[in-house]
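One file, my_file_9.csv, is given below (CSV, C-alpha atoms and all ligand atoms).
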chain,number,residue,atom,x,y,z
A,112,MET,CA,-95.1,44.6,-30.3
A,113,ARG,CA,-96.5,41.9,-28.0
A,114,ILE,CA,-93.8,40.8,-25.7
A,115,ALA,CA,-93.7,38.1,-23.0
A,116,VAL,CA,-91.3,38.8,-20.1
A,117,ILE,CA,-90.2,35.6,-18.3
A,118,GLY,CA,-88.7,36.3,-14.9
A,119,LEU,CA,-89.7,39.3,-12.8
A,120,GLY,CA,-86.7,39.8,-10.5
A,121,GLY,CA,-85.1,43.2,-10.2
A,122,MET,CA,-84.2,43.3,-13.9
A,123,GLY,CA,-87.2,41.5,-15.4
A,124,SER,CA,-89.6,43.8,-13.4
A,125,ALA,CA,-87.8,46.9,-14.5
A,126,LEU,CA,-87.8,45.7,-18.1
A,127,ALA,CA,-91.5,45.0,-18.0
A,128,GLU,CA,-92.2,48.4,-16.5
A,129,ARG,CA,-90.2,50.0,-19.3
A,130,LEU,CA,-91.9,48.1,-22.0
A,131,LEU,CA,-95.3,49.0,-20.6
A,132,ASP,CA,-94.3,52.7,-20.5
A,133,GLU,CA,-93.2,52.3,-24.2
A,134,GLY,CA,-96.7,51.1,-25.1
A,135,HIS,CA,-96.0,47.4,-25.8
A,136,GLU,CA,-98.6,44.8,-25.1
A,137,LEU,CA,-97.2,42.6,-22.4
A,138,GLU,CA,-97.4,39.2,-20.9
A,139,VAL,CA,-95.4,38.4,-17.7
A,140,TRP,CA,-94.5,35.3,-15.8
A,141,ASN,CA,-92.5,34.6,-12.6
A,142,ARG,CA,-91.8,31.4,-10.8
A,143,SER,CA,-93.0,32.8,-7.5
A,144,PRO,CA,-96.4,34.3,-8.0
A,145,VAL,CA,-95.6,37.1,-5.6
A,146,GLY,CA,-93.1,38.5,-8.1
A,147,ALA,CA,-95.9,39.1,-10.6
A,148,GLU,CA,-98.2,40.7,-8.2
A,149,PRO,CA,-97.2,44.3,-9.1
A,150,PHE,CA,-98.4,43.6,-12.7
A,151,ALA,CA,-101.8,42.0,-11.8
A,152,GLY,CA,-104.6,44.0,-13.4
A,153,ARG,CA,-102.1,46.1,-15.5
A,154,THR,CA,-101.1,43.4,-18.0
A,155,GLU,CA,-101.6,39.7,-18.6
A,156,VAL,CA,-100.0,37.5,-16.0
A,157,LEU,CA,-99.2,34.0,-17.3
A,158,VAL,CA,-99.7,30.9,-15.2
A,159,ASP,CA,-97.0,29.1,-17.2
A,160,PRO,CA,-94.3,30.1,-19.7
A,161,ASP,CA,-96.1,27.8,-22.2
A,162,ALA,CA,-99.1,30.2,-22.1
A,163,ALA,CA,-97.2,32.9,-23.9
A,164,THR,CA,-98.7,34.1,-27.2
A,165,ALA,CA,-96.4,37.0,-27.9
A,166,ASP,CA,-94.3,37.9,-30.9
A,167,ALA,CA,-91.2,37.7,-28.7
A,168,VAL,CA,-90.3,36.1,-25.4
A,169,VAL,CA,-87.7,37.9,-23.3
A,170,VAL,CA,-86.2,35.8,-20.6
A,171,SER,CA,-84.5,37.5,-17.6
A,172,LEU,CA,-83.5,34.8,-15.0
A,173,ALA,CA,-80.8,34.5,-12.3
A,174,ASP,CA,-78.2,32.3,-13.9
A,175,ASP,CA,-77.5,29.6,-16.5
A,176,ASP,CA,-79.2,26.8,-14.6
A,177,SER,CA,-82.5,28.7,-14.1
A,178,LEU,CA,-82.4,29.9,-17.7
A,179,LEU,CA,-81.9,26.4,-19.1
A,180,GLN,CA,-84.6,25.0,-16.8
A,181,VAL,CA,-87.1,27.5,-18.1
A,182,ALA,CA,-86.1,28.0,-21.7
A,183,LEU,CA,-85.1,24.4,-22.4
A,184,PRO,CA,-87.2,22.1,-20.2
A,185,ASP,CA,-86.0,18.5,-20.7
A,186,GLY,CA,-83.2,19.9,-22.9
A,187,GLN,CA,-85.6,20.8,-25.7
A,188,ALA,CA,-86.9,24.1,-27.1
A,189,ARG,CA,-90.4,24.9,-25.8
A,190,SER,CA,-92.8,23.8,-28.5
A,191,ALA,CA,-95.3,26.4,-27.2
A,192,TRP,CA,-92.8,29.1,-28.2
A,193,ALA,CA,-92.7,27.9,-31.8
A,194,GLY,CA,-92.9,30.9,-34.1
A,195,MET,CA,-91.8,33.3,-31.4
A,196,LEU,CA,-88.5,35.1,-31.3
A,197,VAL,CA,-86.6,34.2,-28.1
A,198,VAL,CA,-84.4,36.8,-26.4
A,199,ASN,CA,-82.1,36.0,-23.5
A,200,ALA,CA,-81.5,39.1,-21.3
A,201,SER,CA,-79.9,37.1,-18.5
A,202,THR,CA,-76.1,37.3,-18.0
A,203,VAL,CA,-74.8,33.8,-18.7
A,204,ALA,CA,-71.8,32.0,-20.1
A,205,PRO,CA,-71.1,32.2,-23.9
A,206,ALA,CA,-71.7,28.5,-24.2
A,207,THR,CA,-75.2,28.8,-22.7
A,208,GLN,CA,-76.1,31.3,-25.4
A,209,THR,CA,-74.7,28.8,-28.0
A,210,THR,CA,-76.8,26.0,-26.5
A,211,LEU,CA,-80.0,28.1,-26.7
A,212,ALA,CA,-79.1,29.1,-30.3
A,213,GLY,CA,-78.8,25.5,-31.1
A,214,ALA,CA,-82.3,24.8,-29.8
A,215,TYR,CA,-84.1,27.8,-31.1
A,216,GLY,CA,-82.1,28.4,-34.3
A,217,ASP,CA,-82.5,31.7,-36.2
A,218,ARG,CA,-85.2,32.7,-33.7
A,219,PHE,CA,-82.7,33.1,-30.8
A,220,VAL,CA,-81.0,36.4,-29.9
A,221,ALA,CA,-78.7,37.1,-26.9
A,222,ALA,CA,-79.4,40.5,-25.4
A,223,PRO,CA,-77.6,40.9,-22.1
A,224,ILE,CA,-78.2,44.3,-20.5
A,225,LEU,CA,-75.7,46.9,-19.4
A,226,GLY,CA,-77.2,49.0,-16.6
A,227,ALA,CA,-78.9,48.8,-13.3
A,228,PRO,CA,-82.7,48.1,-12.9
A,229,HIS,CA,-83.4,51.8,-12.4
A,230,ALA,CA,-81.5,52.6,-15.6
A,231,VAL,CA,-83.6,49.9,-17.4
A,232,ALA,CA,-86.9,51.3,-16.0
A,233,SER,CA,-86.0,54.9,-17.2
A,234,GLY,CA,-84.7,53.6,-20.6
A,235,GLN,CA,-81.1,54.7,-20.0
A,236,ALA,CA,-79.7,51.1,-20.1
A,237,ARG,CA,-77.9,49.5,-23.1
A,238,TRP,CA,-78.6,46.3,-24.9
A,239,LEU,CA,-75.7,44.1,-26.1
A,240,VAL,CA,-77.3,42.3,-29.0
A,241,GLY,CA,-76.0,39.2,-30.7
A,242,GLY,CA,-77.8,36.9,-33.1
A,243,PRO,CA,-79.0,36.4,-36.7
A,244,ALA,CA,-79.5,39.8,-38.5
A,245,PRO,CA,-83.2,39.1,-39.5
A,246,ALA,CA,-84.2,38.4,-35.9
A,247,ARG,CA,-82.3,41.4,-34.6
A,248,SER,CA,-84.0,43.6,-37.2
A,249,THR,CA,-87.5,42.3,-36.4
A,250,LEU,CA,-86.8,43.1,-32.7
A,251,ALA,CA,-86.0,46.8,-33.4
A,252,PRO,CA,-89.1,47.9,-31.4
A,253,LEU,CA,-87.6,46.1,-28.4
A,254,TRP,CA,-84.2,47.6,-28.8
A,255,ALA,CA,-85.9,51.1,-29.0
A,256,ALA,CA,-86.9,50.8,-25.4
A,257,PHE,CA,-83.4,51.6,-24.3
A,258,ALA,CA,-81.2,54.6,-25.1
A,259,THR,CA,-78.4,52.6,-26.7
A,260,THR,CA,-77.8,49.3,-28.4
A,261,THR,CA,-74.4,47.7,-29.1
A,262,ASP,CA,-74.5,45.3,-32.0
A,263,ALA,CA,-72.4,42.3,-31.2
A,264,GLY,CA,-72.9,40.7,-34.6
A,265,ASP,CA,-74.4,37.3,-35.6
A,266,ASP,CA,-73.0,35.2,-32.8
A,267,PRO,CA,-75.0,35.2,-29.6
A,268,ALA,CA,-72.0,34.0,-27.6
A,269,ARG,CA,-70.1,37.3,-28.5
A,270,ALA,CA,-72.8,39.4,-26.7
A,271,SER,CA,-72.0,37.4,-23.5
A,272,VAL,CA,-68.3,37.9,-23.9
A,273,VAL,CA,-68.7,41.7,-24.2
A,274,LYS,CA,-71.1,41.7,-21.2
A,275,LEU,CA,-68.8,39.6,-19.0
A,276,LEU,CA,-65.8,41.8,-19.8
A,277,SER,CA,-67.8,44.8,-18.8
A,278,ASN,CA,-68.9,43.2,-15.5
A,279,GLN,CA,-65.4,42.0,-14.8
A,280,MET,CA,-64.2,45.6,-14.8
A,281,LEU,CA,-67.2,46.7,-12.7
A,282,LEU,CA,-66.9,43.9,-10.1
A,283,VAL,CA,-63.1,44.0,-9.7
A,284,GLY,CA,-63.5,47.8,-9.4
A,285,VAL,CA,-66.1,47.5,-6.6
A,286,ALA,CA,-63.8,45.0,-4.8
A,287,MET,CA,-60.9,47.4,-5.1
A,288,VAL,CA,-62.9,50.4,-3.8
A,289,ALA,CA,-64.3,48.3,-0.9
A,290,GLU,CA,-60.7,47.9,0.2
A,291,THR,CA,-60.1,51.6,-0.1
A,292,VAL,CA,-63.0,52.2,2.3
A,293,ARG,CA,-61.7,49.5,4.7
A,294,LEU,CA,-58.2,51.0,4.6
A,295,GLY,CA,-59.5,54.5,5.2
A,296,ARG,CA,-61.6,53.4,8.1
A,297,ALA,CA,-58.7,51.5,9.6
A,298,ALA,CA,-56.5,54.6,9.4
A,299,GLY,CA,-59.1,56.6,11.3
A,300,LEU,CA,-61.0,58.5,8.5
A,301,ASP,CA,-64.7,58.8,9.0
A,302,ASP,CA,-67.2,57.8,6.2
A,303,ASP,CA,-67.8,61.5,5.3
A,304,ALA,CA,-64.1,62.0,4.6
A,305,ILE,CA,-63.9,58.7,2.7
A,306,THR,CA,-67.0,59.6,0.6
A,307,GLU,CA,-65.6,63.0,-0.2
A,308,LEU,CA,-62.3,61.4,-1.3
A,309,LEU,CA,-64.2,59.0,-3.6
A,310,ARG,CA,-66.4,61.6,-5.1
A,311,ASP,CA,-63.5,64.0,-5.8
A,312,SER,CA,-60.9,61.4,-6.9
A,313,PRO,CA,-60.1,61.0,-10.7
A,314,MET,CA,-59.0,57.5,-9.7
A,315,LEU,CA,-62.6,56.3,-9.2
A,316,ALA,CA,-64.0,55.1,-12.5
A,317,PRO,CA,-67.2,56.9,-13.5
A,318,GLY,CA,-69.1,53.6,-13.6
A,319,LEU,CA,-68.4,53.1,-9.9
A,320,ALA,CA,-69.7,56.5,-8.8
A,321,ASN,CA,-73.2,55.2,-8.1
A,322,ARG,CA,-71.7,52.6,-5.6
A,323,ILE,CA,-70.3,55.1,-3.2
A,324,ASP,CA,-73.5,55.5,-1.1
A,325,GLY,CA,-73.9,51.7,-1.0
A,326,LEU,CA,-70.3,51.1,0.2
A,327,VAL,CA,-70.9,53.3,3.4
A,328,ASP,CA,-74.5,52.2,3.9
A,329,PRO,CA,-74.6,49.5,6.7
A,330,ASP,CA,-77.6,47.9,5.0
A,331,HIS,CA,-75.9,47.9,1.5
A,332,ALA,CA,-79.2,48.5,-0.1
A,333,GLY,CA,-78.8,48.1,-3.9
A,334,TRP,CA,-79.7,46.2,-6.9
A,335,PHE,CA,-76.9,43.6,-7.7
A,336,THR,CA,-76.2,40.8,-5.3
A,337,SER,CA,-72.9,39.1,-4.5
A,338,PRO,CA,-74.1,35.7,-5.8
A,339,LEU,CA,-74.8,37.4,-9.2
A,340,GLY,CA,-71.4,39.1,-9.0
A,341,ALA,CA,-69.6,35.8,-8.3
A,342,LYS,CA,-71.5,34.1,-11.1
A,343,ASP,CA,-70.4,36.8,-13.6
A,344,LEU,CA,-66.7,36.6,-12.5
A,345,THR,CA,-66.8,32.8,-12.7
A,346,HIS,CA,-68.0,33.1,-16.3
A,347,ALA,CA,-65.4,35.9,-17.0
A,348,LEU,CA,-62.6,33.6,-15.7
A,349,GLY,CA,-64.0,30.9,-18.0
A,350,LEU,CA,-63.1,33.0,-21.0
A,351,ALA,CA,-59.4,32.1,-20.5
A,352,THR,CA,-57.5,29.0,-19.5
A,353,ASP,CA,-54.6,30.7,-17.8
A,354,PRO,CA,-54.9,32.1,-14.2
A,355,GLN,CA,-56.3,35.6,-13.6
A,356,PRO,CA,-55.3,36.1,-9.9
A,357,VAL,CA,-57.0,39.6,-9.4
A,358,THR,CA,-60.3,38.5,-10.9
A,359,THR,CA,-60.1,35.2,-9.0
A,360,ALA,CA,-59.5,37.0,-5.7
A,361,ALA,CA,-62.5,39.3,-6.3
A,362,ARG,CA,-64.7,36.3,-7.2
A,363,ASP,CA,-63.7,34.5,-4.0
A,364,ALA,CA,-64.5,37.7,-2.0
A,365,TYR,CA,-68.0,37.8,-3.4
A,366,LEU,CA,-68.5,34.2,-2.6
A,367,GLN,CA,-67.2,34.7,1.0
A,368,VAL,CA,-69.5,37.7,1.8
A,369,ALA,CA,-72.4,35.8,0.4
A,370,ALA,CA,-71.6,32.8,2.6
A,371,ASP,CA,-71.3,35.2,5.6
A,372,GLY,CA,-74.9,36.2,5.3
A,373,TRP,CA,-74.8,39.2,2.8
A,374,ALA,CA,-76.1,37.3,-0.2
A,375,ASP,CA,-79.4,39.2,-0.6
A,376,VAL,CA,-77.9,42.7,-0.5
A,377,ASP,CA,-75.8,44.7,-2.9
A,378,VAL,CA,-72.2,43.8,-4.0
A,379,THR,CA,-71.0,46.8,-1.9
A,380,ALA,CA,-71.4,44.5,1.1
A,381,LEU,CA,-67.9,43.5,0.2
A,382,VAL,CA,-66.7,46.1,2.7
A,383,GLU,CA,-68.0,43.7,5.4
A,384,ARG,CA,-65.7,40.9,4.4
A,385,GLY,CA,-64.7,38.9,7.4
A,386,ARG,CA,-67.7,39.9,9.4
A,387,ARG,CA,-70.8,37.6,9.7
A,388,ARG,CA,-74.1,39.5,9.2
B,401,LIG,N1,-79.3,43.4,-11.0
B,401,LIG,C1,-78.6,44.0,-11.9
B,401,LIG,O1,-78.1,45.1,-11.7
B,401,LIG,C2,-78.3,43.3,-13.2
B,401,LIG,C3,-77.7,44.1,-14.3
B,401,LIG,C4,-77.5,43.5,-15.5
B,401,LIG,C5,-77.8,42.1,-15.7
B,401,LIG,N2,-78.3,41.4,-14.6
B,401,LIG,C6,-78.6,40.0,-14.9
B,401,LIG,O2,-80.0,39.9,-15.1
B,401,LIG,C7,-80.4,38.6,-14.6
B,401,LIG,C8,-81.5,38.8,-13.6
B,401,LIG,O3,-81.0,39.5,-12.5
B,401,LIG,P1,-81.9,40.1,-11.4
B,401,LIG,O4,-81.2,41.3,-10.8
B,401,LIG,O5,-83.3,40.3,-11.9
B,401,LIG,O6,-81.9,38.9,-10.3
B,401,LIG,P2,-83.0,38.6,-9.2
B,401,LIG,O7,-83.6,39.9,-8.7
B,401,LIG,O8,-82.3,37.8,-8.2
B,401,LIG,O9,-84.1,37.7,-9.9
B,401,LIG,C9,-83.9,36.4,-10.3
B,401,LIG,C10,-85.0,35.9,-11.1
B,401,LIG,O10,-84.7,34.6,-11.5
B,401,LIG,C11,-85.8,33.7,-11.1
B,401,LIG,N3,-85.4,32.4,-10.9
B,401,LIG,C12,-84.3,32.0,-10.2
B,401,LIG,N4,-84.2,30.6,-10.2
B,401,LIG,C13,-85.2,30.2,-11.0
B,401,LIG,C14,-85.6,28.9,-11.4
B,401,LIG,N5,-84.9,27.8,-11.1
B,401,LIG,N6,-86.7,28.8,-12.2
B,401,LIG,C15,-87.4,29.9,-12.6
B,401,LIG,N7,-87.1,31.1,-12.2
B,401,LIG,C16,-86.0,31.3,-11.4
B,401,LIG,C17,-86.4,34.4,-9.9
B,401,LIG,O11,-87.7,33.9,-9.6
B,401,LIG,P3,-88.3,33.9,-8.1
B,401,LIG,O12,-88.8,35.3,-7.9
B,401,LIG,O13,-89.3,32.9,-8.2
B,401,LIG,O14,-87.1,33.6,-7.2
B,401,LIG,C18,-86.3,35.8,-10.4
B,401,LIG,O15,-87.4,36.1,-11.2
B,401,LIG,C19,-79.2,37.9,-14.0
B,401,LIG,O16,-78.6,37.0,-15.0
B,401,LIG,C20,-78.3,39.1,-13.8
B,401,LIG,O17,-76.9,38.7,-13.8
B,401,LIG,C21,-78.6,42.0,-13.4

Go through the file and emit its structure as C-alpha cells.
Amino acid sequence: MRIAVIGLGGMGSALAERLLDEGHELEVWNRSPVGAEPFAGRTEVLVDPDAATADAVVVSLADDDSLLQVALPDGQARSAWAGMLVVNASTVAPATQTTLAGAYGDRFVAAPILGAPHAVASGQARWLVGGPAPARSTLAPLWAAFATTTDAGDDPARASVVKLLSNQMLLVGVAMVAETVRLGRAAGLDDDAITELLRDSPMLAPGLANRIDGLVDPDHAGWFTSPLGAKDLTHALGLATDPQPVTTAARDAYLQVAADGWADVDVTALVERGRRR
C-alpha cells in the first residue's frame, strides 16, 4: 500500500519506520524539515502535504489545533487528498474526529494508537480503529503493521473515547506513582529501595512498569511529554460535565511541571513538581 505519513514527531517517525519495515511504499512530511531528515534518501520526502499521491494519508500531529490546521486548512478538506483515505492517528477530542469525518466523509477513519513509539516501531502497539466499515476494510494492510487492532465501530469519535479512557488511567497512574516516589524519598528511602518496591509490588499496574526507570532518572528521558499528557486529560475531563477531582488534579500537575521547565521531557518529570528545572 502507498501511504503518506504526515507528522514525524516521536510517534509519526516510529510509524513511518514500521511501515517501511513492513514493505509499504512511503511518502513523509513534517512541518520542520529537520524532522524528515532521517528519511531522506530512504523514501519520498514531501515538500507539502498537498504533494501526497498515496492510497492513504496517516496524520500524526501534536494536538487538535495542529491536526485541524494541517488536515482542514481554511476549514475545508484538502482537495489534493481527494480519493485518498484519511487516517488520524493523533490523540484528539471526539468532536475533532467528528469534524474531520464531516469534511472527509466515508474516507475518514480515526485510528489513535495505544503504545509508546518503541512499541510502534517494533509492531507491538495497538490501533483503535473507528470509521466506516468499507474504509476500515480497505486499510487492512495498515492495521496489519501492528500486533493488535481494536475495532471501535463505525463512529470515529468512539475510538477517541476509548483512547482517552486508556490514557486517563495511565496518566493518573503515573501521577500517583510519582507521589509514591516523593513520599519514599521524603521518608529516607533511596532510589534503589523505591525501585525495588515498585518492581515487586502487585499494586503497580503492569502498564506503569516501563515508567519506573523514568521516575528515578533525573533527566526523565522518555517518549511522552507533560503537555501531551495534560492535553489528553483535558479531553478526558471533557467526556463528562460533572467534576472529576482526581483527574483534574493530575491534569493540573502536568500543566505545572510543564510550566516549570519540564515540558520537553517525559511525564515522569511529575516527581519534580514544585521544582523549577
Ligand atoms: N508519544 C507517545 O507515547 C504517544 C502515544 C500515543 C499517542 N500519541 C499521540 O500521537 C500524537 C503525536 O505525538 P508525538 O509523541 O509524535 O508528539 P511530538 O513528538 O511532540 O510530535 C509532534 C508533531 O506534531 C507536529 N506539529 C506540531 N504543531 C504543528 C503545527 N501547527 N503544524 C504542523 N505540524 C505540527 C510536529 O512538527 P515539528 O517537528 O515541526 O514541531 C511534530 O511532527 C499526539 O497526538 C500524541 O498525543 C503519543

| message | For ligand LIG 401 (chain B), return the neighbouring residues as a VMD selection string (distance at most 9 Å; all atoms listed in the file). | response | chain A and resid 117 to 125 140 to 147 170 to 181 200 to 203 223 to 229 231 274 278 333 to 336 338 to 340 342 to 343 375 377

Could you turn the residues from that selection into a file that holds C-alpha atoms, as a compact mmCIF listing (two decimals), in the coordinates of the input?
# COMPACT_ATOMS: atom_id res chain seq x y z
CA ILE A 117 -90.20 35.60 -18.30
CA GLY A 118 -88.70 36.30 -14.90
CA LEU A 119 -89.70 39.30 -12.80
CA GLY A 120 -86.70 39.80 -10.50
CA GLY A 121 -85.10 43.20 -10.20
CA MET A 122 -84.20 43.30 -13.90
CA GLY A 123 -87.20 41.50 -15.40
CA SER A 124 -89.60 43.80 -13.40
CA ALA A 125 -87.80 46.90 -14.50
CA TRP A 140 -94.50 35.30 -15.80
CA ASN A 141 -92.50 34.60 -12.60
CA ARG A 142 -91.80 31.40 -10.80
CA SER A 143 -93.00 32.80 -7.50
CA PRO A 144 -96.40 34.30 -8.00
CA VAL A 145 -95.60 37.10 -5.60
CA GLY A 146 -93.10 38.50 -8.10
CA ALA A 147 -95.90 39.10 -10.60
CA VAL A 170 -86.20 35.80 -20.60
CA SER A 171 -84.50 37.50 -17.60
CA LEU A 172 -83.50 34.80 -15.00
CA ALA A 173 -80.80 34.50 -12.30
CA ASP A 174 -78.20 32.30 -13.90
CA ASP A 175 -77.50 29.60 -16.50
CA ASP A 176 -79.20 26.80 -14.60
CA SER A 177 -82.50 28.70 -14.10
CA LEU A 178 -82.40 29.90 -17.70
CA LEU A 179 -81.90 26.40 -19.10
CA GLN A 180 -84.60 25.00 -16.80
CA VAL A 181 -87.10 27.50 -18.10
CA ALA A 200 -81.50 39.10 -21.30
CA SER A 201 -79.90 37.10 -18.50
CA THR A 202 -76.10 37.30 -18.00
CA VAL A 203 -74.80 33.80 -18.70
CA PRO A 223 -77.60 40.90 -22.10
CA ILE A 224 -78.20 44.30 -20.50
CA LEU A 225 -75.70 46.90 -19.40
CA GLY A 226 -77.20 49.00 -16.60
CA ALA A 227 -78.90 48.80 -13.30
CA PRO A 228 -82.70 48.10 -12.90
CA HIS A 229 -83.40 51.80 -12.40
CA VAL A 231 -83.60 49.90 -17.40
CA LYS A 274 -71.10 41.70 -21.20
CA ASN A 278 -68.90 43.20 -15.50
CA GLY A 333 -78.80 48.10 -3.90
CA TRP A 334 -79.70 46.20 -6.90
CA PHE A 335 -76.90 43.60 -7.70
CA THR A 336 -76.20 40.80 -5.30
CA PRO A 338 -74.10 35.70 -5.80
CA LEU A 339 -74.80 37.40 -9.20
CA GLY A 340 -71.40 39.10 -9.00
CA LYS A 342 -71.50 34.10 -11.10
CA ASP A 343 -70.40 36.80 -13.60
CA ASP A 375 -79.40 39.20 -0.60
CA ASP A 377 -75.80 44.70 -2.90

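Within 12 Å of the point (-75.3, 49.0, -30.8), and counting only C-alpha atoms, the protein, DNA and RNA residues are Ala222, Ile224, Leu225, Ala236, Arg237, Trp238, Leu239, Val240, Gly241, Arg247, Ala251, Trp254, Ala255, Phe257, Ala258, Thr259, Thr260, Thr261, Asp262, Ala263, Gly264, Ala270 and Val273 of chain A.
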
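With all atoms listed in the file as the atoms that count, the residue of A:His346, A:Arg296, A:Arg189, A:His135 with the shortest distance to Val272 in chain A is A:His346.
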
| field | Within 12 Å of file point (-71.4, 38.2, -2.1), counting all atoms listed in the file, expressed as a VMD selection string | value | chain A and resid 282 285 to 286 331 335 to 344 361 to 385 387 to 388

| request: Do a neighbour search on Ala244 in chain A at 10 Å with all atoms listed in the file, toss out local chain neighbours closer than 4 positions, and write the hits as a list of chain:residue names. | output: A:Asp217, A:Val220, A:Ser248, A:Thr249, A:Leu250, A:Asp262, A:Gly264, A:Asp265, A:Asp266

| query | In Å, how far is it from CA of Leu294 in chain A to CA of Gln279 in chain A? | reply |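 For CA of Leu294 in chain A relative to CA of Gln279 in chain A, the distance reads 22.6 Å.
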
| task | Tell me which of A:Val327, A:Thr358, A:Val116, A:Leu315 sits closest to Val283 in chain A, counting only C-alpha atoms. | result |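 So, comparing all the options, the nearest one is A:Thr358.
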
| To one decimal place, how far is CA of Phe219 in chain A from CA of Pro243 in chain A in Å? |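 For CA of Phe219 in chain A relative to CA of Pro243 in chain A, the distance reads 7.7 Å.
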
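Between CA of Ala212 in chain A and CA of Leu196 in chain A the interatomic distance comes to 11.2 Å.
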
| said: Residues within 12 Å of Asp132 in chain A, please, as a list in words. Count only C-alpha atoms; anything in the same chain fewer than 6 positions from it doesn't count. | reply: Ala125, Leu126, Arg153, Thr154, Val231, Ala232, Ser233, Gly234, Ala256 and Phe257 of chain A

| request: Find the residues around Leu319 in chain A up to 10 Å (all atoms listed in the file counted), leave out those fewer than 5 positions away in its own chain, and share them as a ChimeraX atom specification. | output: /A:280-282,284-285,288,309-310

| field | Nearby residues (all atoms listed in the file) at most 8 Å from Leu137 in chain A, same-chain spacing under 5 positions excluded, as a PyMOL selection string | value | chain A and resi 113-116+127+130-131+154-155+165

If you count only C-alpha atoms, which residues fall within 6 Å of Ala268 in chain A, apart from same-chain ones fewer than 6 positions away, as a CSV table (one decimal) with C-alpha atoms, in the coordinates of the input?
chain,number,residue,atom,x,y,z
A,205,PRO,CA,-71.1,32.2,-23.9
A,208,GLN,CA,-76.1,31.3,-25.4
A,209,THR,CA,-74.7,28.8,-28.0

| message | Which residue is closest to Val292 in chain A? Choose from A:Ser271, A:Asp328, A:Asp159, A:Pro317 and count all atoms listed in the file. | response |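 Among the listed residues, the smallest separation from Val292 in chain A belongs to A:Asp328.
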